[in-house]
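Participant: Below is final.tsv; it holds TSV, C-alpha atoms.
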```
chain	number	residue	atom	x	y	z
A	1	MET	CA	22.79	4.59	-10.53
A	2	ARG	CA	21.98	5.15	-14.18
A	3	ARG	CA	24.39	2.38	-15.24
A	4	ALA	CA	22.70	0.01	-12.77
A	5	ALA	CA	19.28	0.93	-14.18
A	6	ILE	CA	20.51	0.36	-17.74
A	7	ALA	CA	21.97	-3.03	-16.74
A	8	SER	CA	18.60	-3.95	-15.23
A	9	MET	CA	16.71	-3.01	-18.41
A	10	THR	CA	19.14	-4.94	-20.61
A	11	THR	CA	18.91	-8.05	-18.43
A	12	ALA	CA	15.10	-7.97	-18.42
A	13	LEU	CA	14.99	-7.56	-22.21
A	14	VAL	CA	17.32	-10.51	-22.83
A	15	LEU	CA	15.41	-12.74	-20.40
A	16	MET	CA	12.06	-11.74	-21.88
A	17	ILE	CA	13.15	-12.79	-25.39
A	18	ALA	CA	14.46	-16.12	-24.05
A	19	LYS	CA	11.26	-16.84	-22.11
A	20	VAL	CA	8.99	-15.98	-25.05
A	21	TRP	CA	10.83	-18.68	-26.99
A	22	ALA	CA	10.56	-21.11	-24.03
A	23	LEU	CA	6.80	-20.46	-23.72
A	24	TRP	CA	6.33	-21.06	-27.44
A	25	GLU	CA	8.18	-24.37	-27.18
A	26	THR	CA	6.65	-25.68	-23.92
A	27	GLY	CA	3.22	-24.07	-23.44
A	28	SER	CA	3.90	-24.08	-19.67
A	29	VAL	CA	1.80	-21.93	-17.32
A	30	ALA	CA	4.79	-21.71	-14.98
A	31	ILE	CA	6.86	-20.33	-17.85
A	32	LEU	CA	4.00	-17.93	-18.62
A	33	GLY	CA	4.13	-16.69	-15.03
A	34	SER	CA	7.88	-16.28	-15.23
A	35	LEU	CA	7.55	-14.45	-18.56
A	36	ALA	CA	4.94	-12.09	-17.12
A	37	ASP	CA	7.19	-11.38	-14.17
A	38	THR	CA	10.11	-10.65	-16.52
A	39	GLY	CA	7.88	-8.35	-18.58
A	40	LEU	CA	7.06	-6.49	-15.38
A	41	ASP	CA	10.77	-6.43	-14.56
A	42	LEU	CA	11.41	-4.69	-17.87
A	43	ILE	CA	8.68	-2.13	-17.28
A	44	ALA	CA	9.85	-1.65	-13.70
A	45	SER	CA	13.44	-1.20	-14.85
A	46	VAL	CA	12.41	1.47	-17.36
A	47	ILE	CA	10.37	3.24	-14.67
A	48	THR	CA	13.28	2.92	-12.25
A	49	PHE	CA	15.62	4.47	-14.81
A	50	ILE	CA	13.25	7.42	-15.28
A	51	ALA	CA	12.66	7.75	-11.52
A	52	VAL	CA	16.39	7.72	-10.78
A	53	ARG	CA	16.95	10.52	-13.29
A	54	VAL	CA	14.07	12.61	-11.91
A	55	ALA	CA	14.91	11.96	-8.24
A	56	ALA	CA	18.53	12.97	-8.83
A	57	GLU	CA	17.52	16.42	-10.06
A	58	PRO	CA	18.31	19.17	-7.52
A	59	ALA	CA	15.62	21.18	-5.78
A	60	ASP	CA	14.09	23.99	-7.83
A	61	ARG	CA	11.58	26.79	-7.36
A	62	GLU	CA	8.61	24.43	-7.77
A	63	HIS	CA	10.09	21.56	-5.72
A	64	ARG	CA	11.94	23.05	-2.78
A	65	PHE	CA	12.46	19.66	-1.12
A	66	GLY	CA	13.83	18.02	-4.27
A	67	HIS	CA	12.35	15.26	-6.43
A	68	GLY	CA	13.06	12.19	-4.28
A	69	LYS	CA	9.44	11.05	-4.09
A	70	ALA	CA	9.54	10.27	-7.80
A	71	GLU	CA	10.92	6.88	-6.73
A	72	ALA	CA	7.86	6.18	-4.54
A	73	ILE	CA	5.45	7.22	-7.31
A	74	ALA	CA	7.25	4.89	-9.73
A	75	ALA	CA	7.11	2.01	-7.25
A	76	LEU	CA	3.37	2.54	-6.73
A	77	PHE	CA	2.80	2.35	-10.49
A	78	GLN	CA	4.84	-0.85	-10.63
A	79	THR	CA	2.63	-2.30	-7.90
A	80	MET	CA	-0.49	-1.87	-10.04
A	81	LEU	CA	1.19	-3.73	-12.90
A	82	ILE	CA	2.29	-6.55	-10.60
A	83	THR	CA	-1.21	-6.98	-9.18
A	84	LEU	CA	-2.80	-7.04	-12.64
A	85	SER	CA	-0.29	-9.66	-13.80
A	86	ALA	CA	-1.02	-11.83	-10.76
A	87	PHE	CA	-4.74	-11.91	-11.58
A	88	VAL	CA	-4.09	-12.80	-15.23
A	89	ILE	CA	-1.74	-15.66	-14.32
A	90	ALA	CA	-4.14	-17.00	-11.67
A	91	ALA	CA	-6.97	-17.00	-14.23
A	92	ARG	CA	-4.75	-18.81	-16.74
A	93	ALA	CA	-3.81	-21.42	-14.14
A	94	GLY	CA	-7.48	-21.93	-13.29
A	95	MET	CA	-8.26	-22.59	-16.96
A	96	ARG	CA	-5.50	-25.22	-17.05
A	97	PHE	CA	-7.01	-27.00	-14.03
A	98	SER	CA	-10.26	-27.45	-15.96
A	99	ASP	CA	-8.53	-28.13	-19.28
A	100	PRO	CA	-5.17	-29.80	-18.50
A	101	ARG	CA	-2.58	-29.95	-21.25
A	102	PRO	CA	0.81	-31.65	-21.21
A	103	VAL	CA	3.96	-29.55	-21.18
A	104	THR	CA	6.04	-30.10	-24.32
A	105	VAL	CA	9.84	-29.95	-24.57
A	106	PRO	CA	10.34	-29.26	-20.82
A	107	GLU	CA	14.13	-29.33	-21.23
A	108	THR	CA	13.90	-26.07	-23.21
A	109	GLY	CA	12.12	-24.33	-20.35
A	110	ILE	CA	14.59	-25.75	-17.83
A	111	GLY	CA	17.56	-24.55	-19.90
A	112	VAL	CA	16.12	-21.05	-20.22
A	113	SER	CA	15.40	-20.92	-16.47
A	114	VAL	CA	18.99	-21.93	-15.65
A	115	PHE	CA	20.24	-19.21	-18.01
A	116	ALA	CA	17.92	-16.72	-16.25
A	117	ILE	CA	19.32	-17.69	-12.84
A	118	VAL	CA	22.93	-17.15	-13.95
A	119	LEU	CA	22.19	-13.78	-15.58
A	120	THR	CA	20.08	-12.60	-12.63
A	121	LEU	CA	22.81	-13.54	-10.14
A	122	ALA	CA	25.28	-11.38	-12.07
A	123	LEU	CA	22.83	-8.45	-12.10
A	124	VAL	CA	21.92	-8.52	-8.39
A	125	THR	CA	25.61	-8.71	-7.44
A	126	TYR	CA	26.26	-5.55	-9.45
A	127	GLN	CA	23.13	-3.82	-8.10
A	128	LYS	CA	24.13	-4.62	-4.52
A	129	ARG	CA	27.46	-2.83	-4.99
A	130	ILE	CA	25.77	0.21	-6.55
A	131	ALA	CA	23.05	0.33	-3.86
A	132	ARG	CA	25.69	0.33	-1.11
A	133	LYS	CA	27.62	3.10	-2.84
A	134	THR	CA	24.67	5.39	-3.65
A	135	ASN	CA	22.07	4.44	-1.00
A	136	SER	CA	19.40	4.56	-3.72
A	137	LEU	CA	15.99	3.21	-2.70
A	138	ALA	CA	15.00	2.67	-6.35
A	139	ILE	CA	18.06	0.52	-7.12
A	140	GLU	CA	17.74	-1.43	-3.87
A	141	THR	CA	14.03	-2.12	-4.49
A	142	ASP	CA	14.79	-3.23	-8.05
A	143	ARG	CA	17.55	-5.50	-6.73
A	144	LEU	CA	15.24	-7.13	-4.18
A	145	HIS	CA	12.73	-7.84	-6.94
A	146	TYR	CA	15.40	-9.60	-9.00
A	147	VAL	CA	16.56	-11.55	-5.92
A	148	SER	CA	13.03	-12.91	-5.57
A	149	ASP	CA	13.14	-13.81	-9.29
A	150	LEU	CA	15.82	-16.38	-8.43
A	151	ALA	CA	13.25	-18.31	-6.37
A	152	LEU	CA	10.71	-17.87	-9.14
A	153	ASN	CA	13.01	-19.48	-11.72
A	154	ILE	CA	13.77	-22.36	-9.36
A	155	ALA	CA	10.00	-22.92	-8.99
A	156	VAL	CA	9.67	-23.01	-12.79
A	157	ILE	CA	12.42	-25.65	-13.03
A	158	LEU	CA	10.67	-27.80	-10.40
A	159	ALA	CA	7.34	-27.50	-12.24
A	160	LEU	CA	8.90	-28.54	-15.53
A	161	LEU	CA	10.80	-31.45	-13.94
A	162	LEU	CA	7.56	-32.76	-12.42
A	163	ALA	CA	5.78	-32.31	-15.75
A	164	ALA	CA	8.57	-34.25	-17.48
A	165	ILE	CA	7.82	-37.31	-15.32
A	166	GLY	CA	4.11	-37.13	-16.05
A	167	LEU	CA	2.76	-34.88	-13.28
A	168	ASP	CA	1.08	-32.38	-15.61
A	169	GLY	CA	-1.02	-30.97	-12.75
A	170	ALA	CA	2.14	-29.52	-11.19
A	171	ASP	CA	2.38	-26.85	-13.90
A	172	PRO	CA	-0.86	-24.96	-13.08
A	173	VAL	CA	-0.19	-25.45	-9.35
A	174	PHE	CA	3.16	-23.70	-9.65
A	175	GLY	CA	1.59	-21.09	-11.93
A	176	LEU	CA	-0.99	-20.32	-9.23
A	177	ALA	CA	1.75	-20.19	-6.58
A	178	ILE	CA	3.67	-17.69	-8.70
A	179	ALA	CA	0.53	-15.54	-9.03
A	180	ILE	CA	0.07	-15.51	-5.25
A	181	TRP	CA	3.73	-14.62	-4.78
A	182	LEU	CA	3.42	-11.74	-7.27
A	183	ALA	CA	0.35	-10.37	-5.48
A	184	TRP	CA	2.14	-10.51	-2.12
A	185	SER	CA	5.20	-8.75	-3.58
A	186	GLY	CA	2.93	-6.05	-4.97
A	187	PHE	CA	1.32	-5.53	-1.56
A	188	LYS	CA	4.69	-5.10	0.16
A	189	SER	CA	5.91	-2.71	-2.52
A	190	ALA	CA	2.74	-0.63	-2.25
A	191	ARG	CA	3.09	-0.37	1.52
A	192	LYS	CA	6.67	0.97	1.25
A	193	SER	CA	5.67	3.46	-1.45
A	194	ILE	CA	2.71	4.76	0.55
A	195	ASP	CA	4.90	5.11	3.66
A	196	MET	CA	7.28	7.36	1.73
A	197	LEU	CA	4.52	9.40	0.12
A	198	MET	CA	2.85	9.86	3.52
A	199	ASP	CA	6.15	10.97	5.12
A	200	ARG	CA	6.28	8.08	7.56
A	201	GLU	CA	8.71	8.60	10.44
A	202	TRP	CA	12.05	6.81	10.59
A	203	PRO	CA	12.11	3.44	12.39
A	204	GLU	CA	11.94	3.97	16.15
A	205	LEU	CA	15.47	2.67	16.81
A	206	LYS	CA	16.95	5.09	14.26
A	207	ARG	CA	14.97	8.02	15.71
A	208	GLN	CA	16.03	7.18	19.25
A	209	LYS	CA	19.68	6.96	18.23
A	210	LEU	CA	19.48	10.47	16.77
A	211	LEU	CA	17.72	11.81	19.88
A	212	ASN	CA	20.32	10.30	22.20
A	213	MET	CA	23.23	11.65	20.16
A	214	VAL	CA	21.92	15.23	20.03
A	215	ALA	CA	20.57	15.45	23.59
A	216	LEU	CA	23.88	14.26	25.10
A	217	MET	CA	25.99	16.85	23.28
A	218	PRO	CA	27.60	19.64	25.37
A	219	ASP	CA	25.38	22.66	26.07
A	220	VAL	CA	22.25	20.93	24.74
A	221	HIS	CA	19.56	20.69	27.45
A	222	GLY	CA	17.07	18.59	25.53
A	223	VAL	CA	15.44	17.85	22.20
A	224	HIS	CA	11.77	18.03	21.27
A	225	GLU	CA	9.49	18.20	18.23
A	226	LEU	CA	11.65	15.73	16.30
A	227	ARG	CA	10.28	15.08	12.82
A	228	THR	CA	11.88	12.73	10.31
A	229	ARG	CA	11.06	11.44	6.85
A	230	ARG	CA	12.68	10.01	3.74
A	231	ALA	CA	12.20	10.88	0.06
A	232	GLY	CA	14.07	8.77	-2.46
A	233	ASP	CA	17.61	8.36	-1.19
A	234	GLN	CA	17.57	11.48	1.00
A	235	ASP	CA	16.62	11.86	4.67
A	236	PHE	CA	15.01	14.96	6.15
A	237	VAL	CA	15.24	15.86	9.86
A	238	GLN	CA	13.99	18.78	11.90
A	239	PHE	CA	13.80	19.32	15.65
A	240	HIS	CA	13.71	21.94	18.41
A	241	MET	CA	16.67	22.09	20.76
A	242	TRP	CA	16.76	23.56	24.29
A	243	VAL	CA	19.74	25.72	25.23
A	244	ASP	CA	20.57	28.06	28.12
A	245	PRO	CA	18.19	31.06	27.83
A	246	ASP	CA	20.98	33.46	28.89
A	247	LEU	CA	23.15	32.69	25.85
A	248	THR	CA	23.64	35.27	23.12
A	249	VAL	CA	22.29	34.59	19.65
A	250	ALA	CA	25.84	34.01	18.43
A	251	GLU	CA	26.56	31.47	21.20
A	252	ALA	CA	23.33	29.58	20.55
A	253	HIS	CA	24.12	29.57	16.84
A	254	GLU	CA	27.57	28.12	17.53
A	255	ILE	CA	25.99	25.23	19.50
A	256	SER	CA	23.56	24.64	16.65
A	257	ASP	CA	26.47	24.47	14.18
A	258	ARG	CA	28.25	21.84	16.30
A	259	VAL	CA	25.07	19.75	16.51
A	260	GLU	CA	24.53	20.08	12.76
A	261	GLN	CA	28.06	18.86	12.01
A	262	ALA	CA	27.61	15.86	14.32
A	263	VAL	CA	24.26	14.88	12.77
A	264	LEU	CA	25.55	15.19	9.21
A	265	ALA	CA	28.61	13.11	10.10
A	266	ALA	CA	26.35	10.34	11.43
A	267	TYR	CA	23.71	10.71	8.67
A	268	PRO	CA	25.47	11.98	5.51
A	269	GLY	CA	23.33	13.77	2.94
A	270	THR	CA	20.54	14.56	5.40
A	271	GLU	CA	18.72	17.85	5.01
A	272	LEU	CA	18.61	19.26	8.55
A	273	LEU	CA	16.60	22.06	10.19
A	274	ILE	CA	17.27	23.00	13.84
A	275	HIS	CA	15.14	25.43	15.84
A	276	ILE	CA	16.64	26.92	19.01
A	277	ASP	CA	14.41	27.25	22.10
A	278	PRO	CA	15.23	28.55	25.59
A	279	LYS	CA	15.40	25.69	28.09
A	280	GLY	CA	11.94	24.54	29.21
A	281	HIS	CA	10.00	26.28	26.43
A	282	MET	CA	7.26	24.17	24.84
A	283	ASP	CA	4.70	24.87	22.14
A	284	ASP	CA	1.07	23.92	22.74
A	285	SER	CA	1.08	21.64	19.68
A	286	GLU	CA	4.04	19.50	20.77
A	287	VAL	CA	3.74	15.74	21.23
A	288	GLU	CA	4.80	14.65	24.69
A	289	GLU	CA	6.62	11.49	23.51
A	290	ASP	CA	9.02	13.59	21.41
A	291	HIS	CA	10.57	15.28	24.45
A	292	PHE	CA	14.01	14.01	25.38
A	293	CYS	CA	16.27	15.40	28.08
A	294	PRO	CA	19.70	13.97	28.89
A	295	ILE	CA	20.11	12.32	32.29
A	296	PRO	CA	23.58	12.99	33.76
A	297	SER	CA	25.54	9.83	34.53
A	298	ALA	CA	28.12	9.22	37.24
A	299	SER	CA	30.83	10.36	34.82
A	300	GLY	CA	29.06	13.69	34.36
A	301	ILE	CA	27.99	13.11	30.74
```
Will you turn the file into structure tokens for me?
Facilitator:
Amino acid sequence: MRRAAIASMTTALVLMIAKVWALWETGSVAILGSLADTGLDLIASVITFIAVRVAAEPADREHRFGHGKAEAIAALFQTMLITLSAFVIAARAGMRFSDPRPVTVPETGIGVSVFAIVLTLALVTYQKRIARKTNSLAIETDRLHYVSDLALNIAVILALLLAAIGLDGADPVFGLAIAIWLAWSGFKSARKSIDMLMDREWPELKRQKLLNMVALMPDVHGVHELRTRRAGDQDFVQFHMWVDPDLTVAEAHEISDRVEQAVLAAYPGTELLIHIDPKGHMDDSEVEEDHFCPIPSASGI
């Protein structure tokens, strides 16, 4: 994860230097938008590197549930930078509409954009492999941002090609489009970050799969009070489980151990808390929709 974060920072730094030169040569608003996005990529990559290091730290006395939410905090900060950049680029594009200027040396900007596409493709391929191996939300979010950069660089090439044939108005139009795209990306990123900080439940399909698996295990008479959340790259699950009220504590504990092993096999790395209840017991605070009892089939399952 750290190597992937370092690769991201290095890529952003190289691209930023190249695009500063391209902006100096062309004066293109589209290049300016691309440069701003790359600058944000660099900041985001640095923040991602820090967040990955913090989130990977084990739980301590002050943070009993670990440090996984550092990734969400970092993403929320990145969102503010993205939104600010979008407003600046939109304002710059608006000035160009009222004071149009021709783009100079468009082939320089096109060459730099092609170079950016090649380098970004190499980075996202590497990040995809690391994200699959580590299941890191920070790396995956960073990768998705760079994937969208591919479309951004293609838009810059189109703007410069149109400018090269005399359509100077295309440059601020594409610059404004890039600003809108940045603002939309920031909104989506903020929503994901807030969901994690607010301990949003797992997607319904994933929750239901867990409920079905546990409730249909031998000697389990139902599941209720299921609560799920995610912090960084770690999942947290807790639920109450009905068992035969005549079982001894040791027998009920043995059932709980079997359920725990099954859940961790299906959801590796999950921090799990199981509370044993006698069959039919319900707390006054329980939510009705969280109750799940297995229905025997013809095969007796």
Participant: Identify which of the residues A:Ile43, A:Leu150, A:Ala86, A:Leu35 lies closest to A:Val20, counting only C-alpha atoms when measuring atom-to-atom distances.
Facilitator: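 Closest residue, counting only C-alpha atoms: A:Leu35.
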Participant: Using all atoms listed in the file, which of A:Gln234, A:Pro245, A:Glu251, A:Ser34 sits nearest A:Gly66?
Facilitator: A:Gln234
Participant: Can you pull out every residue within 9 Å of stretch 262-268 of chain A, counting only C-alpha atoms, but drop anything in the same chain fewer than 5 positions away, and send it as a PyMOL selection string?
Facilitator: chain A and resi 210+213-214+235+257
Participant: Which is closest to A:Thr10 among A:Val118, A:Leu42, A:Ala252, A:Leu81, if we use only C-alpha atoms?
Facilitator: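 The closest residue to A:Thr10 is A:Leu42.
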Participant: In Å to one decimal, how far is atom CA of A:Arg64 from atom CA of A:Pro278?
Facilitator: 29.1 Å
Participant: Distance atom CA of A:Arg191-atom CA of A:Ile178, one decimal place?
Facilitator: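 According to the coordinates, atom CA of A:Arg191 and atom CA of A:Ile178 are separated by 20.1 Å.
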Participant: Between atom CA of A:Ile89 and atom CA of A:Lys192, what distance in Å does the model show, to one decimal?
Facilitator: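 Atom CA of A:Ile89 sits 24.3 Å away from atom CA of A:Lys192.
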Participant: Within 9 Å of A:Leu197, counting all atoms listed in the file, which residues qualify if same-chain residues fewer than 3 places away don't, as a count of residues only?
Facilitator: 9
Participant: Kindly provide, as JSON, the centre and edge lengths (Å, one decimal) of an axis-aligned box around all atoms of stretch 4-22 of chain A given in the file, with 5 Å on each side.
Facilitator:
```
{"center_x": 15.8, "center_y": -10.1, "center_z": -19.9, "size_x": 23.7, "size_y": 32.0, "size_z": 24.2}
```
Participant: May I have the residues at most 8 Å from (8.4, 12.6, 7.2) in the file's coordinates, counting only C-alpha atoms, as a list of chain:residue names?
Facilitator: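 Those within range, by chain then number, are A:Met196, A:Met198, A:Asp199, A:Arg200, A:Glu201, A:Trp202, A:Arg227, A:Thr228, A:Arg229, A:Arg230, A:Phe236.
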Participant: Would you mind telling me which residue in A:Leu84, A:Val112, A:Val147, A:Ile47 lies nearest to A:Ala70 when using only C-alpha atoms?
Facilitator: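 Nearest candidate to A:Ala70 out of A:Leu84, A:Val112, A:Val147, A:Ile47: A:Ile47.
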Participant: Calculated over all atoms listed in the file, which of the candidates A:Thr38, A:Phe87, A:Met217, A:Phe49 has the smallest distance to A:Ala183?
Facilitator: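 Closest to A:Ala183 of all the choices is A:Phe87.
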Participant: Counting all atoms listed in the file, figure out which residue out of A:Ala4, A:Gly109, A:Val14, A:Ala51 gets nearest to A:Ile31.
Facilitator: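 Distance minimum relative to A:Ile31 lands on A:Gly109.
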Participant: Please identify all polymer residues within 9 Å of A:Ile82, counting only C-alpha atoms, omitting same-chain residues fewer than 4 positions from it, and present them as a PyMOL selection string.
Facilitator: chain A and resi 36-37+40+77-78+86-87+182-183+185-186
Participant: Could you save those same residues with C-alpha atoms as a PDB file, keeping the file's coordinate frame?
Facilitator:
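The resulting file, out_0.pdb, is reproduced below:
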```pdb
ATOM      1  CA  ALA A  36       4.940 -12.090 -17.120  1.00  0.00           C
ATOM      2  CA  ASP A  37       7.190 -11.380 -14.170  1.00  0.00           C
ATOM      3  CA  LEU A  40       7.060  -6.490 -15.380  1.00  0.00           C
ATOM      4  CA  PHE A  77       2.800   2.350 -10.490  1.00  0.00           C
ATOM      5  CA  GLN A  78       4.840  -0.850 -10.630  1.00  0.00           C
ATOM      6  CA  ALA A  86      -1.020 -11.830 -10.760  1.00  0.00           C
ATOM      7  CA  PHE A  87      -4.740 -11.910 -11.580  1.00  0.00           C
ATOM      8  CA  LEU A 182       3.420 -11.740  -7.270  1.00  0.00           C
ATOM      9  CA  ALA A 183       0.350 -10.370  -5.480  1.00  0.00           C
ATOM     10  CA  SER A 185       5.200  -8.750  -3.580  1.00  0.00           C
ATOM     11  CA  GLY A 186       2.930  -6.050  -4.970  1.00  0.00           C
TER      12      GLY A 186
END
```
Participant: What would the file be for stretch 199-210 of chain A if you keep N, CA and C atoms and write it as a compact mmCIF listing (two decimals), in the first residue's frame?
Facilitator:
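As written to disk, part-v9.txt reads:
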```txt
# COMPACT_ATOMS: atom_id res chain seq x y z
N ASP A 199 -20.78 5.87 9.87
CA ASP A 199 -20.99 4.43 10.10
C ASP A 199 -22.19 3.91 9.34
N ARG A 200 -22.27 4.24 8.06
CA ARG A 200 -23.35 3.75 7.23
C ARG A 200 -23.31 2.22 7.15
N GLU A 201 -24.49 1.60 7.15
CA GLU A 201 -24.57 0.15 7.06
C GLU A 201 -24.03 -0.37 5.74
N TRP A 202 -23.65 -1.65 5.72
CA TRP A 202 -23.26 -2.29 4.48
C TRP A 202 -24.39 -2.20 3.45
N PRO A 203 -24.09 -2.38 2.17
CA PRO A 203 -25.16 -2.48 1.17
C PRO A 203 -26.13 -3.61 1.53
N GLU A 204 -27.39 -3.44 1.22
CA GLU A 204 -28.42 -4.37 1.66
C GLU A 204 -28.14 -5.81 1.21
N LEU A 205 -27.66 -5.99 0.00
CA LEU A 205 -27.39 -7.34 -0.51
C LEU A 205 -26.31 -8.03 0.33
N LYS A 206 -25.28 -7.27 0.70
CA LYS A 206 -24.19 -7.83 1.50
C LYS A 206 -24.68 -8.17 2.91
N ARG A 207 -25.52 -7.32 3.49
CA ARG A 207 -26.09 -7.59 4.81
C ARG A 207 -26.95 -8.85 4.79
N GLN A 208 -27.79 -8.95 3.75
CA GLN A 208 -28.71 -10.08 3.67
C GLN A 208 -27.96 -11.39 3.48
N LYS A 209 -26.87 -11.35 2.73
CA LYS A 209 -26.05 -12.55 2.54
C LYS A 209 -25.49 -13.03 3.88
N LEU A 210 -25.01 -12.09 4.70
CA LEU A 210 -24.50 -12.44 6.02
C LEU A 210 -25.59 -13.01 6.90
```
